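Pasting final36.txt here (compact mmCIF, C-alpha atoms and all ligand atoms):
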# COMPACT_ATOMS: atom_id res chain seq x y z
CA LEU P 1 1.39 -35.62 -39.32
CA ALA P 2 2.41 -38.42 -36.91
CA LEU P 3 1.31 -36.25 -33.98
CA THR P 4 -2.05 -35.62 -35.65
CA ALA P 5 -2.66 -39.36 -36.00
CA GLU P 6 -1.58 -39.98 -32.39
CA LEU P 7 -3.81 -37.20 -31.10
CA HIS P 8 -6.70 -38.61 -33.09
CA ASP P 9 -6.18 -41.95 -31.31
CA ALA P 10 -5.72 -40.29 -27.92
CA LEU P 11 -9.17 -38.70 -28.23
CA THR P 12 -10.70 -42.18 -28.07
CA ALA P 13 -8.14 -43.73 -25.68
CA ASP P 14 -9.86 -42.39 -22.54
CA ASP P 15 -6.79 -42.19 -20.29
CA GLN P 16 -4.23 -40.18 -22.30
CA LEU P 17 -5.74 -36.69 -22.40
CA VAL P 18 -6.50 -35.44 -18.92
CA VAL P 19 -7.46 -32.07 -17.50
CA VAL P 20 -5.71 -30.65 -14.47
CA LEU P 21 -7.57 -28.02 -12.48
CA GLN P 22 -6.32 -24.81 -10.88
CA PRO P 23 -8.42 -22.69 -8.48
CA GLU P 24 -9.04 -18.98 -8.93
CA VAL P 25 -9.46 -17.23 -5.59
CA ASP P 26 -10.69 -14.05 -3.96
CA LEU P 27 -7.46 -12.16 -3.23
CA ALA P 28 -8.66 -10.83 0.12
CA THR P 29 -10.05 -14.05 1.61
CA GLY P 30 -8.42 -16.80 -0.46
CA ALA P 31 -11.85 -18.39 -1.03
CA PRO P 32 -12.27 -20.12 -4.40
CA THR P 33 -14.21 -18.22 -7.08
CA GLY P 34 -13.45 -20.40 -10.10
CA VAL P 35 -11.40 -23.30 -11.45
CA GLU P 36 -9.46 -23.34 -14.72
CA ALA P 37 -9.16 -26.61 -16.64
CA LEU P 38 -5.80 -27.17 -18.36
CA ILE P 39 -5.24 -30.07 -20.72
CA ARG P 40 -2.28 -32.47 -20.43
CA TRP P 41 -1.37 -35.39 -22.69
CA ARG P 42 -0.01 -38.43 -20.88
CA HIS P 43 1.61 -39.81 -24.01
CA PRO P 44 2.45 -43.54 -23.89
CA ARG P 45 5.95 -42.97 -25.35
CA ARG P 46 6.70 -39.24 -25.27
CA GLY P 47 5.87 -38.67 -21.58
CA THR P 48 3.56 -35.90 -20.36
CA LEU P 49 3.11 -33.22 -23.02
CA SER P 50 2.10 -29.65 -22.26
CA PRO P 51 -0.51 -28.00 -24.49
CA ASN P 52 2.29 -25.91 -25.99
CA ASP P 53 3.65 -29.14 -27.52
CA PHE P 54 0.44 -30.15 -29.28
CA ILE P 55 -2.13 -27.33 -29.24
CA ASP P 56 -1.24 -26.23 -32.77
CA THR P 57 -1.91 -29.79 -33.92
CA ALA P 58 -5.19 -29.87 -32.00
CA GLU P 59 -6.39 -26.51 -33.27
CA HIS P 60 -5.89 -27.14 -36.94
CA GLY P 61 -7.70 -29.34 -39.37
CA GLU P 62 -10.40 -31.78 -38.51
CA LEU P 63 -9.30 -32.40 -34.90
CA LEU P 64 -10.40 -28.96 -33.66
CA GLY P 65 -14.05 -29.96 -33.16
CA PRO P 66 -13.41 -33.35 -31.50
CA PHE P 67 -10.60 -31.94 -29.32
CA THR P 68 -12.69 -28.99 -28.14
CA ARG P 69 -15.67 -31.22 -27.34
CA TYR P 70 -13.36 -33.61 -25.45
CA VAL P 71 -11.90 -30.84 -23.26
CA LEU P 72 -15.34 -29.35 -22.59
CA ASP P 73 -16.71 -32.75 -21.58
CA ARG P 74 -13.80 -33.54 -19.21
CA ALA P 75 -13.91 -30.08 -17.63
CA LEU P 76 -17.69 -30.22 -17.13
CA ALA P 77 -17.45 -33.75 -15.70
CA ALA P 78 -14.97 -32.45 -13.11
CA ALA P 79 -17.20 -29.45 -12.36
CA ALA P 80 -20.19 -31.77 -11.90
CA GLU P 81 -18.25 -33.41 -9.04
CA TRP P 82 -17.71 -30.25 -6.99
CA THR P 83 -21.13 -28.82 -7.89
CA GLY P 84 -22.65 -32.08 -6.61
CA GLN P 85 -20.90 -31.41 -3.30
CA GLY P 86 -22.54 -28.03 -2.95
CA LEU P 87 -19.64 -25.92 -4.26
CA ASP P 88 -21.21 -23.35 -6.56
CA ILE P 89 -18.04 -22.59 -8.55
CA PRO P 90 -17.81 -22.34 -12.34
CA VAL P 91 -15.21 -24.06 -14.50
CA SER P 92 -13.13 -22.13 -17.04
CA VAL P 93 -12.17 -23.86 -20.28
CA ASN P 94 -9.58 -22.57 -22.75
CA ILE P 95 -10.88 -22.67 -26.28
CA SER P 96 -9.17 -21.99 -29.53
CA ALA P 97 -10.22 -18.69 -31.06
CA ARG P 98 -10.82 -20.69 -34.23
CA SER P 99 -13.81 -22.36 -32.58
CA LEU P 100 -15.48 -18.95 -32.73
CA LEU P 101 -15.45 -19.11 -36.53
CA ASP P 102 -17.87 -22.06 -36.34
CA ALA P 103 -21.50 -20.88 -36.24
CA SER P 104 -22.53 -24.25 -34.75
CA PHE P 105 -20.19 -23.83 -31.76
CA PRO P 106 -22.84 -22.43 -29.36
CA ALA P 107 -25.06 -25.45 -30.06
CA GLN P 108 -22.10 -27.75 -29.37
CA VAL P 109 -21.50 -26.00 -26.05
CA ALA P 110 -25.19 -26.28 -25.12
CA ASP P 111 -25.01 -30.00 -25.93
CA ALA P 112 -21.88 -30.47 -23.80
CA LEU P 113 -23.63 -28.77 -20.84
CA ARG P 114 -26.74 -30.94 -21.28
CA ARG P 115 -24.69 -34.16 -21.34
CA ARG P 116 -23.21 -33.36 -17.93
CA GLY P 117 -26.35 -31.79 -16.49
CA MET P 118 -24.63 -28.46 -15.96
CA GLY P 119 -26.07 -24.95 -16.23
CA ALA P 120 -24.56 -22.45 -18.66
CA GLY P 121 -23.69 -20.19 -15.72
CA GLN P 122 -21.26 -22.87 -14.51
CA LEU P 123 -19.08 -22.43 -17.61
CA VAL P 124 -16.56 -19.74 -18.52
CA LEU P 125 -14.86 -19.87 -21.91
CA GLU P 126 -11.36 -18.36 -22.03
CA ILE P 127 -10.39 -16.94 -25.37
CA THR P 128 -6.98 -15.73 -26.47
CA GLU P 129 -7.31 -13.44 -29.42
CA SER P 130 -5.43 -14.33 -32.53
CA VAL P 131 -4.84 -12.92 -35.95
CA ALA P 132 -6.79 -15.89 -37.29
CA VAL P 133 -10.10 -14.58 -36.00
CA SER P 134 -9.61 -10.85 -35.70
CA GLU P 135 -12.42 -8.77 -37.10
CA HIS P 136 -14.53 -11.67 -38.33
CA GLU P 137 -18.19 -10.78 -37.91
CA VAL P 138 -19.11 -14.40 -37.19
CA VAL P 139 -16.86 -14.30 -34.10
CA ASP P 140 -18.91 -11.47 -32.58
CA GLU P 141 -22.14 -13.35 -33.37
CA VAL P 142 -20.89 -16.62 -31.86
CA ILE P 143 -19.78 -14.81 -28.69
CA ALA P 144 -23.15 -13.07 -28.41
CA ALA P 145 -24.94 -16.43 -28.87
CA LEU P 146 -22.79 -18.03 -26.15
CA ARG P 147 -23.56 -15.17 -23.75
CA ASN P 148 -27.27 -15.50 -24.62
CA LEU P 149 -27.04 -19.11 -23.44
CA GLY P 150 -25.65 -17.78 -20.16
CA VAL P 151 -22.05 -18.87 -20.75
CA GLN P 152 -19.44 -16.36 -19.54
CA ILE P 153 -16.70 -15.09 -21.82
CA SER P 154 -13.19 -14.37 -20.58
CA VAL P 155 -10.34 -12.65 -22.43
CA ASP P 156 -7.24 -14.73 -21.66
CA ASP P 157 -3.69 -13.31 -21.57
CA PHE P 158 -5.22 -9.83 -21.47
CA GLY P 159 -2.78 -7.09 -22.39
CA THR P 160 -0.65 -9.19 -24.72
CA GLY P 161 -3.00 -9.65 -27.66
CA PHE P 162 -2.49 -7.50 -30.70
CA SER P 163 -5.98 -6.04 -30.37
CA SER P 164 -7.22 -6.71 -26.82
CA LEU P 165 -8.61 -3.23 -26.46
CA SER P 166 -10.51 -3.22 -29.74
CA PHE P 167 -11.89 -6.69 -28.90
CA VAL P 168 -13.67 -5.39 -25.79
CA THR P 169 -15.20 -2.56 -27.80
CA ARG P 170 -16.75 -5.09 -30.22
CA VAL P 171 -18.07 -7.74 -27.88
CA THR P 172 -19.34 -7.77 -24.31
CA VAL P 173 -17.10 -9.87 -22.08
CA ASP P 174 -17.52 -11.06 -18.51
CA GLU P 175 -13.90 -11.36 -17.45
CA LEU P 176 -10.37 -10.11 -18.20
CA LYS P 177 -7.49 -12.39 -17.23
CA VAL P 178 -4.47 -10.14 -16.85
CA ASP P 179 -1.47 -11.86 -18.38
CA ARG P 180 1.04 -13.39 -15.99
CA SER P 181 3.89 -11.27 -17.42
CA PHE P 182 2.42 -8.09 -15.91
CA VAL P 183 1.89 -9.74 -12.52
CA THR P 184 5.45 -11.07 -12.56
CA GLY P 185 6.75 -7.61 -13.42
CA MET P 186 4.56 -5.42 -11.25
CA ILE P 187 6.79 -5.35 -8.13
CA ASP P 188 9.88 -4.07 -9.95
CA SER P 189 8.40 -2.36 -12.98
CA PRO P 190 6.14 0.71 -12.58
CA ALA P 191 5.05 0.19 -16.20
CA SER P 192 3.85 -3.37 -15.49
CA ALA P 193 2.04 -2.14 -12.37
CA ALA P 194 0.42 0.59 -14.48
CA VAL P 195 -0.88 -2.00 -16.94
CA VAL P 196 -2.40 -4.02 -14.08
CA ARG P 197 -3.99 -0.88 -12.64
CA GLY P 198 -5.32 0.02 -16.08
CA ALA P 199 -6.84 -3.44 -16.50
CA VAL P 200 -8.52 -3.23 -13.07
CA GLU P 201 -10.05 0.16 -13.96
CA LEU P 202 -11.08 -1.02 -17.42
CA GLY P 203 -12.74 -4.10 -15.95
CA ALA P 204 -14.69 -1.96 -13.48
CA ARG P 205 -15.92 0.33 -16.27
CA LEU P 206 -16.86 -2.60 -18.50
CA GLY P 207 -18.56 -4.49 -15.68
CA ALA P 208 -16.10 -7.35 -16.19
CA ARG P 209 -14.38 -9.34 -13.45
CA VAL P 210 -10.59 -8.99 -13.47
CA VAL P 211 -8.45 -12.02 -12.61
CA ALA P 212 -4.68 -11.68 -12.18
CA GLU P 213 -2.78 -14.70 -13.49
CA GLY P 214 0.41 -16.28 -12.26
CA VAL P 215 0.51 -14.96 -8.68
CA GLU P 216 3.51 -16.66 -7.05
CA THR P 217 4.34 -14.50 -4.00
CA SER P 218 2.63 -12.78 -1.08
CA ASP P 219 4.17 -9.49 -2.26
CA GLN P 220 2.34 -9.81 -5.57
CA ARG P 221 -0.86 -10.66 -3.72
CA ALA P 222 -0.53 -7.54 -1.54
CA ALA P 223 0.30 -5.32 -4.52
CA LEU P 224 -2.75 -6.59 -6.42
CA LEU P 225 -5.01 -5.97 -3.42
CA ALA P 226 -3.60 -2.45 -3.15
CA LEU P 227 -4.58 -1.84 -6.80
CA GLY P 228 -8.14 -2.99 -6.12
CA CYS P 229 -7.86 -6.31 -7.92
CA ILE P 230 -10.39 -8.83 -6.55
CA SER P 231 -9.46 -12.22 -7.99
CA ALA P 232 -6.32 -14.13 -8.84
CA GLN P 233 -4.83 -17.45 -9.77
CA GLY P 234 -1.34 -18.85 -9.39
CA TYR P 235 1.05 -21.17 -7.60
CA HIS P 236 0.88 -18.95 -4.47
CA PHE P 237 -2.66 -20.29 -3.96
CA SER P 238 -2.59 -23.67 -5.68
CA ARG P 239 -0.89 -25.49 -8.53
CA PRO P 240 -3.07 -27.17 -11.13
CA LEU P 241 -4.28 -30.45 -9.59
CA PRO P 242 -5.63 -33.73 -10.94
CA ALA P 243 -9.40 -34.14 -10.90
CA ASP P 244 -9.32 -36.45 -7.85
CA LYS P 245 -7.53 -33.77 -5.77
CA ILE P 246 -9.44 -30.62 -6.70
CA VAL P 247 -12.54 -31.05 -4.52
CA ALA P 248 -10.45 -31.39 -1.34
CA MET P 249 -8.48 -28.28 -2.32
CA LEU P 250 -11.68 -26.29 -2.93
CA HIS P 251 -12.99 -27.30 0.50
CA GLN P 252 -9.64 -26.35 2.06
CA LEU P 253 -9.64 -22.88 0.40
CA ALA P 254 -13.34 -22.20 1.09
O1 LIG P 301 -1.25 -25.45 -18.67
P1 LIG P 301 -0.14 -24.70 -19.35
O2 LIG P 301 0.42 -23.50 -18.63
O3 LIG P 301 1.00 -25.60 -19.79
O4 LIG P 301 -0.79 -24.13 -20.70
C1 LIG P 301 -0.04 -23.65 -21.74
C2 LIG P 301 -0.95 -22.95 -22.73
O5 LIG P 301 -1.93 -23.88 -23.24
C3 LIG P 301 -1.74 -21.80 -22.14
O6 LIG P 301 -1.74 -20.75 -23.09
C4 LIG P 301 -3.12 -22.36 -21.97
O7 LIG P 301 -4.10 -21.33 -22.12
C5 LIG P 301 -3.22 -23.35 -23.11
N1 LIG P 301 -4.19 -24.41 -22.80
C6 LIG P 301 -4.23 -25.19 -21.69
N2 LIG P 301 -5.24 -26.08 -21.78
C7 LIG P 301 -5.87 -25.83 -22.96
C8 LIG P 301 -7.00 -26.41 -23.62
O8 LIG P 301 -7.66 -27.30 -23.12
N3 LIG P 301 -7.34 -25.90 -24.85
C9 LIG P 301 -6.64 -24.88 -25.41
N4 LIG P 301 -7.04 -24.45 -26.61
N5 LIG P 301 -5.56 -24.32 -24.83
C10 LIG P 301 -5.18 -24.78 -23.61
O1 LIG P 302 -2.59 -18.92 -21.24
P1 LIG P 302 -3.14 -19.34 -19.93
O2 LIG P 302 -3.32 -18.21 -19.01
O3 LIG P 302 -4.39 -20.19 -19.99
O4 LIG P 302 -2.00 -20.25 -19.28
C1 LIG P 302 -2.16 -20.83 -18.06
C2 LIG P 302 -0.86 -21.53 -17.73
O5 LIG P 302 -0.17 -20.87 -16.67
C3 LIG P 302 -1.09 -22.95 -17.28
O6 LIG P 302 -0.31 -23.79 -18.06
C4 LIG P 302 -0.60 -23.00 -15.87
O7 LIG P 302 0.07 -24.23 -15.63
C5 LIG P 302 0.36 -21.83 -15.78
N1 LIG P 302 0.38 -21.24 -14.44
C6 LIG P 302 -0.64 -21.13 -13.56
N2 LIG P 302 -0.26 -20.50 -12.43
C7 LIG P 302 1.03 -20.18 -12.61
C8 LIG P 302 1.98 -19.50 -11.79
O8 LIG P 302 1.72 -19.05 -10.67
N3 LIG P 302 3.23 -19.36 -12.31
C9 LIG P 302 3.59 -19.84 -13.54
N4 LIG P 302 4.83 -19.68 -13.93
N5 LIG P 302 2.69 -20.47 -14.34
C10 LIG P 302 1.45 -20.64 -13.88
MN MN P 303 -6.35 -19.69 -19.63
NA NA P 304 -3.92 -16.83 -19.56
Let me see the file written as structure tokens.
Amino acid sequence: LALTAELHDALTADDQLVVVLQPEVDLATGAPTGVEALIRWRHPRRGTLSPNDFIDTAEHGELLGPFTRYVLDRALAAAAEWTGQGLDIPVSVNISARSLLDASFPAQVADALRRRGMGAGQLVLEITESVAVSEHEVVDEVIAALRNLGVQISVDDFGTGFSSLSFVTRVTVDELKVDRSFVTGMIDSPASAAVVRGAVELGARLGARVVAEGVETSDQRAALLALGCISAQGYHFSRPLPADKIVAMLHQLA
């Protein structure tokens, strides 16, 4: 309860909740193809908190709407900076699957884009499936409405969800983000490599981009290229960076 009250205050404090930004790149060339926004809480007493420390608090109760709008606004503000410098690169925002139970969510997203003067095509929403939203009809309708706006939908942590495969049979998605665990395992484990290969083939058949997460070594990069994977993200290319460092990094990678 204390954390809920503190998070409520942080949402109006202006300097406590910040997004850091991590490039997604073309595996062959290293050129940037996207940027993921990741929230951090610079807590005045508890130090810097990772989303794992407070996301459950943020995703439940009455903070979900304000928190989601806050993250969207900060991510789109950052994207407006690099777009203004001629870099035509979308921003990816992690959203709680619970947001997809709210029929007014697409209108909220449209409003967030309008406030920052950004086109819907500049925004990717990353969704991790959860039991909370599985097989709710409204979820499919909200996703369809978001895609009608022109917003892209990405399935985060692909391969680990309890129903990833049935999800992509129900809704059209634009991107699969292959979970880091398979990328970490693919050099030593033929089974992990098989999952990555399967995701690459599935993405091709669905017409969805496939992004490998958590690439940390040049061996992993080479193995992904050999499997036909096009895009990736990870410390091998860039760590998540503060907003004032991301534009220089994008120019450097380009
Ligand atoms: O950035 P980090 O690796 O610490 O993220 C930990 C987890 O928190 C990941 O699962 C990531 O998807 C999630 N996450 C990061 N930023 C956000 C956010 O702004 N909103 C939501 N809902 N989840 C986030
Ligand atoms: O669940 P999601 O995929 O959104 O989680 C993203 C998280 O992964 C972020 O918190 C980010 O800090 C972390 N991350 C990004 N690249 C790497 C990487 O190369 N290695 C590891 N270990 N974590 C990474
Ligand atoms: Mn993500
Ligand atoms: Na992920």
Show me, as CSV, the residues of chain P having an atom within 7 Å of ligand LIG 302 (chain P), each with the closest atom pair and its distance in Å, using all atoms listed in the file.
residue,atom,partner,partner_atom,distance
P:Leu38,CA,P:LIG302,C3,6.4
P:Asn94,CA,P:LIG302,O3,6.3
P:Asp156,CA,P:LIG302,O2,5.9
P:Asp157,CA,P:LIG302,O2,5.5
P:Asp179,CA,P:LIG302,O2,6.6
P:Glu213,CA,P:LIG302,N2,6.4
P:Gly214,CA,P:LIG302,O8,3.5
P:Val215,CA,P:LIG302,O8,4.7
P:Glu216,CA,P:LIG302,O8,4.7
P:Gln233,CA,P:LIG302,N2,6.1
P:Gly234,CA,P:LIG302,O8,3.3
P:Tyr235,CA,P:LIG302,O8,3.8
P:His236,CA,P:LIG302,O8,6.3
P:Arg239,CA,P:LIG302,N2,6.4
P:Pro240,CA,P:LIG302,O7,6.2
Write the selection just made, keeping C-alpha atoms, as a JSON list (two decimals), in the coordinates of the input?
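Once everything was written out, this is result.json:
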[["chain", "number", "residue", "atom", "x", "y", "z"],
["P", 38, "LEU", "CA", -5.80, -27.17, -18.36],
["P", 94, "ASN", "CA", -9.58, -22.57, -22.75],
["P", 156, "ASP", "CA", -7.24, -14.73, -21.66],
["P", 157, "ASP", "CA", -3.69, -13.31, -21.57],
["P", 179, "ASP", "CA", -1.47, -11.86, -18.38],
["P", 213, "GLU", "CA", -2.78, -14.70, -13.49],
["P", 214, "GLY", "CA", 0.41, -16.28, -12.26],
["P", 215, "VAL", "CA", 0.51, -14.96, -8.68],
["P", 216, "GLU", "CA", 3.51, -16.66, -7.05],
["P", 233, "GLN", "CA", -4.83, -17.45, -9.77],
["P", 234, "GLY", "CA", -1.34, -18.85, -9.39],
["P", 235, "TYR", "CA", 1.05, -21.17, -7.60],
["P", 236, "HIS", "CA", 0.88, -18.95, -4.47],
["P", 239, "ARG", "CA", -0.89, -25.49, -8.53],
["P", 240, "PRO", "CA", -3.07, -27.17, -11.13]]
Contacts of ligand MN 303 (chain P), 9 Å or closer, all atoms listed in the file, given as a list in words: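 Result of the 9 Å neighbour search around ligand MN 303 (chain P): Glu36, Ala37, Leu38, Ser92, Val93, Asn94, Ile95, Leu125, Glu126, Ile127, Thr128, Ser154, Val155, Asp156, Asp157, Lys177 and Glu213 of chain P.
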Grab all the atoms of segment 17-36 of chain P that the file lists, wrap them in a box along x, y and z, add 8 Å per side, and give me centre plus edge lengths in Å (one decimal) as AutoDock Vina command-line options.
--center_x -10.0 --center_y -23.8 --center_z -10.4 --size_x 24.5 --size_y 41.9 --size_z 40.0
What lies within 9 Å of Val171 of chain P using all atoms listed in the file, ignoring chain neighbours under 6 positions off, as a PDB file with C-alpha atoms, in the coordinates of the input?
ATOM      1  CA  ASP P 140     -18.910 -11.470 -32.580  1.00  0.00           C
ATOM      2  CA  GLU P 141     -22.140 -13.350 -33.370  1.00  0.00           C
ATOM      3  CA  ILE P 143     -19.780 -14.810 -28.690  1.00  0.00           C
ATOM      4  CA  ALA P 144     -23.150 -13.070 -28.410  1.00  0.00           C
TER       5      ALA P 144
END
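With distances taken over only C-alpha atoms and all ligand atoms, P:Leu176 is the one residue among P:Leu72, P:Leu176, P:Ala222, P:Cys229 lying closest to ligand NA 304 (chain P).
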Minimum-distance residue to ligand NA 304 (chain P), chosen among P:Ser181, P:Thr57, P:Ser231, P:Gln152 (using all atoms listed in the file): P:Ser181
Atom CA of Met249 of chain P to atom CA of Gln85 of chain P, straight-line distance in Å: 12.8 Å
Residue with smallest distance to Leu17 of chain P - pool P:Leu227, P:Ala232, P:Pro242, P:Gly86, counting all atoms listed in the file: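 Selected residue with least distance to Leu17 of chain P: P:Pro242.
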Residue nearest ligand LIG 301 (chain P) - candidates P:Arg114, P:His60, P:His251, P:Arg40, atoms counted: all atoms listed in the file: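 Of P:Arg114, P:His60, P:His251, P:Arg40, the one nearest ligand LIG 301 (chain P), counting all atoms listed in the file, is P:Arg40.
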For Gly159 of chain P, the nearest of the candidates P:Val173, P:Ala212, P:Leu253, P:Val18, counting only C-alpha atoms: P:Ala212
Which of P:Ala120, P:Ser130, P:Thr33, P:Leu87 sits closest to Ala248 of chain P [using all atoms listed in the file]: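 Looking at the shortest contact to Ala248 of chain P, the residue is P:Leu87.
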Distance in Å - atom O2 of ligand LIG 301 (chain P) versus atom CA of Val151 of chain P: 23.0 Å
Contact residues around Phe54 of chain P with only C-alpha atoms at 10 Å, ignoring same-chain residues under 5 positions, as an MDAnalysis selection string: chainID P and resid 3:4 7 40:41 49 59
Every residue with an atom at most 6 Å from (-8.8, -22.3, -7.6) (file coordinates; all atoms listed in the file) is what I'm after, so could you write them as a PDB file with C-alpha atoms, in the frame of the given file?
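And here is the file that came out, selection.pdb:
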ATOM      1  CA  GLN P  22      -6.320 -24.810 -10.880  1.00  0.00           C
ATOM      2  CA  PRO P  23      -8.420 -22.690  -8.480  1.00  0.00           C
ATOM      3  CA  GLU P  24      -9.040 -18.980  -8.930  1.00  0.00           C
ATOM      4  CA  VAL P  25      -9.460 -17.230  -5.590  1.00  0.00           C
ATOM      5  CA  PRO P  32     -12.270 -20.120  -4.400  1.00  0.00           C
ATOM      6  CA  GLY P  34     -13.450 -20.400 -10.100  1.00  0.00           C
ATOM      7  CA  VAL P  35     -11.400 -23.300 -11.450  1.00  0.00           C
TER       8      VAL P  35
END
Residues within 9 Å of segment 81-84 of chain P, only C-alpha atoms, excluding chain neighbours under 6 positions, as JSON, numbers by chain: {"P": [90, 118, 122, 246, 247, 250]}
Residues just named, written with C-alpha atoms as a PDB file, in the coordinates of the input:
ATOM      1  CA  PRO P  90     -17.810 -22.340 -12.340  1.00  0.00           C
ATOM      2  CA  MET P 118     -24.630 -28.460 -15.960  1.00  0.00           C
ATOM      3  CA  GLN P 122     -21.260 -22.870 -14.510  1.00  0.00           C
ATOM      4  CA  ILE P 246      -9.440 -30.620  -6.700  1.00  0.00           C
ATOM      5  CA  VAL P 247     -12.540 -31.050  -4.520  1.00  0.00           C
ATOM      6  CA  LEU P 250     -11.680 -26.290  -2.930  1.00  0.00           C
TER       7      LEU P 250
END
Test item: which residues lie within 8 Å of (-20.1, -31.2, -17.7) counting all atoms listed in the file, as a PyMOL selection string: chain P and resi 72-80+112-118
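Going from atom CA of Leu225 of chain P to atom CA of Thr29 of chain P covers 10.8 Å.
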Please reconstruct the missing atoms of segment 191-210 of chain P (target: N, CA and C atoms) and return them as a PDB file, in the coordinates of the input.
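File selection.pdb, as written:
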ATOM      1  N   ALA P 191       5.847   0.307 -14.977  1.00  0.00           N
ATOM      2  CA  ALA P 191       5.050   0.190 -16.200  1.00  0.00           C
ATOM      3  C   ALA P 191       4.140  -1.039 -16.128  1.00  0.00           C
ATOM      4  N   SER P 192       4.684  -2.167 -15.638  1.00  0.00           N
ATOM      5  CA  SER P 192       3.850  -3.370 -15.490  1.00  0.00           C
ATOM      6  C   SER P 192       2.730  -3.109 -14.486  1.00  0.00           C
ATOM      7  N   ALA P 193       3.068  -2.451 -13.375  1.00  0.00           N
ATOM      8  CA  ALA P 193       2.040  -2.140 -12.370  1.00  0.00           C
ATOM      9  C   ALA P 193       0.967  -1.235 -12.971  1.00  0.00           C
ATOM     10  N   ALA P 194       1.388  -0.313 -13.838  1.00  0.00           N
ATOM     11  CA  ALA P 194       0.420   0.590 -14.480  1.00  0.00           C
ATOM     12  C   ALA P 194      -0.527  -0.177 -15.394  1.00  0.00           C
ATOM     13  N   VAL P 195      -0.016  -1.187 -16.077  1.00  0.00           N
ATOM     14  CA  VAL P 195      -0.880  -2.000 -16.940  1.00  0.00           C
ATOM     15  C   VAL P 195      -1.911  -2.749 -16.089  1.00  0.00           C
ATOM     16  N   VAL P 196      -1.456  -3.301 -14.952  1.00  0.00           N
ATOM     17  CA  VAL P 196      -2.400  -4.020 -14.080  1.00  0.00           C
ATOM     18  C   VAL P 196      -3.462  -3.058 -13.568  1.00  0.00           C
ATOM     19  N   ARG P 197      -3.023  -1.870 -13.131  1.00  0.00           N
ATOM     20  CA  ARG P 197      -3.990  -0.880 -12.640  1.00  0.00           C
ATOM     21  C   ARG P 197      -4.973  -0.492 -13.743  1.00  0.00           C
ATOM     22  N   GLY P 198      -4.455  -0.312 -14.945  1.00  0.00           N
ATOM     23  CA  GLY P 198      -5.320   0.020 -16.080  1.00  0.00           C
ATOM     24  C   GLY P 198      -6.338  -1.064 -16.349  1.00  0.00           C
ATOM     25  N   ALA P 199      -5.919  -2.317 -16.259  1.00  0.00           N
ATOM     26  CA  ALA P 199      -6.840  -3.440 -16.500  1.00  0.00           C
ATOM     27  C   ALA P 199      -7.921  -3.483 -15.425  1.00  0.00           C
ATOM     28  N   VAL P 200      -7.538  -3.219 -14.177  1.00  0.00           N
ATOM     29  CA  VAL P 200      -8.520  -3.230 -13.070  1.00  0.00           C
ATOM     30  C   VAL P 200      -9.572  -2.133 -13.308  1.00  0.00           C
ATOM     31  N   GLU P 201      -9.101  -0.950 -13.712  1.00  0.00           N
ATOM     32  CA  GLU P 201     -10.050   0.160 -13.960  1.00  0.00           C
ATOM     33  C   GLU P 201     -10.916  -0.121 -15.181  1.00  0.00           C
ATOM     34  N   LEU P 202     -10.314  -0.678 -16.222  1.00  0.00           N
ATOM     35  CA  LEU P 202     -11.080  -1.020 -17.420  1.00  0.00           C
ATOM     36  C   LEU P 202     -12.154  -2.051 -17.091  1.00  0.00           C
ATOM     37  N   GLY P 203     -11.777  -3.070 -16.335  1.00  0.00           N
ATOM     38  CA  GLY P 203     -12.740  -4.100 -15.950  1.00  0.00           C
ATOM     39  C   GLY P 203     -13.917  -3.497 -15.196  1.00  0.00           C
ATOM     40  N   ALA P 204     -13.618  -2.597 -14.268  1.00  0.00           N
ATOM     41  CA  ALA P 204     -14.690  -1.960 -13.480  1.00  0.00           C
ATOM     42  C   ALA P 204     -15.639  -1.189 -14.400  1.00  0.00           C
ATOM     43  N   ARG P 205     -15.071  -0.472 -15.365  1.00  0.00           N
ATOM     44  CA  ARG P 205     -15.920   0.330 -16.270  1.00  0.00           C
ATOM     45  C   ARG P 205     -16.715  -0.540 -17.225  1.00  0.00           C
ATOM     46  N   LEU P 206     -16.159  -1.695 -17.574  1.00  0.00           N
ATOM     47  CA  LEU P 206     -16.860  -2.600 -18.500  1.00  0.00           C
ATOM     48  C   LEU P 206     -17.826  -3.532 -17.760  1.00  0.00           C
ATOM     49  N   GLY P 207     -17.764  -3.538 -16.435  1.00  0.00           N
ATOM     50  CA  GLY P 207     -18.560  -4.490 -15.680  1.00  0.00           C
ATOM     51  C   GLY P 207     -18.028  -5.912 -15.821  1.00  0.00           C
ATOM     52  N   ALA P 208     -16.732  -6.040 -16.047  1.00  0.00           N
ATOM     53  CA  ALA P 208     -16.100  -7.350 -16.190  1.00  0.00           C
ATOM     54  C   ALA P 208     -15.210  -7.636 -14.977  1.00  0.00           C
ATOM     55  N   ARG P 209     -15.251  -8.886 -14.528  1.00  0.00           N
ATOM     56  CA  ARG P 209     -14.380  -9.340 -13.450  1.00  0.00           C
ATOM     57  C   ARG P 209     -12.927  -9.324 -13.964  1.00  0.00           C
ATOM     58  N   VAL P 210     -12.001  -8.988 -13.083  1.00  0.00           N
ATOM     59  CA  VAL P 210     -10.590  -8.990 -13.470  1.00  0.00           C
ATOM     60  C   VAL P 210      -9.866 -10.039 -12.625  1.00  0.00           C
TER      61      VAL P 210
END
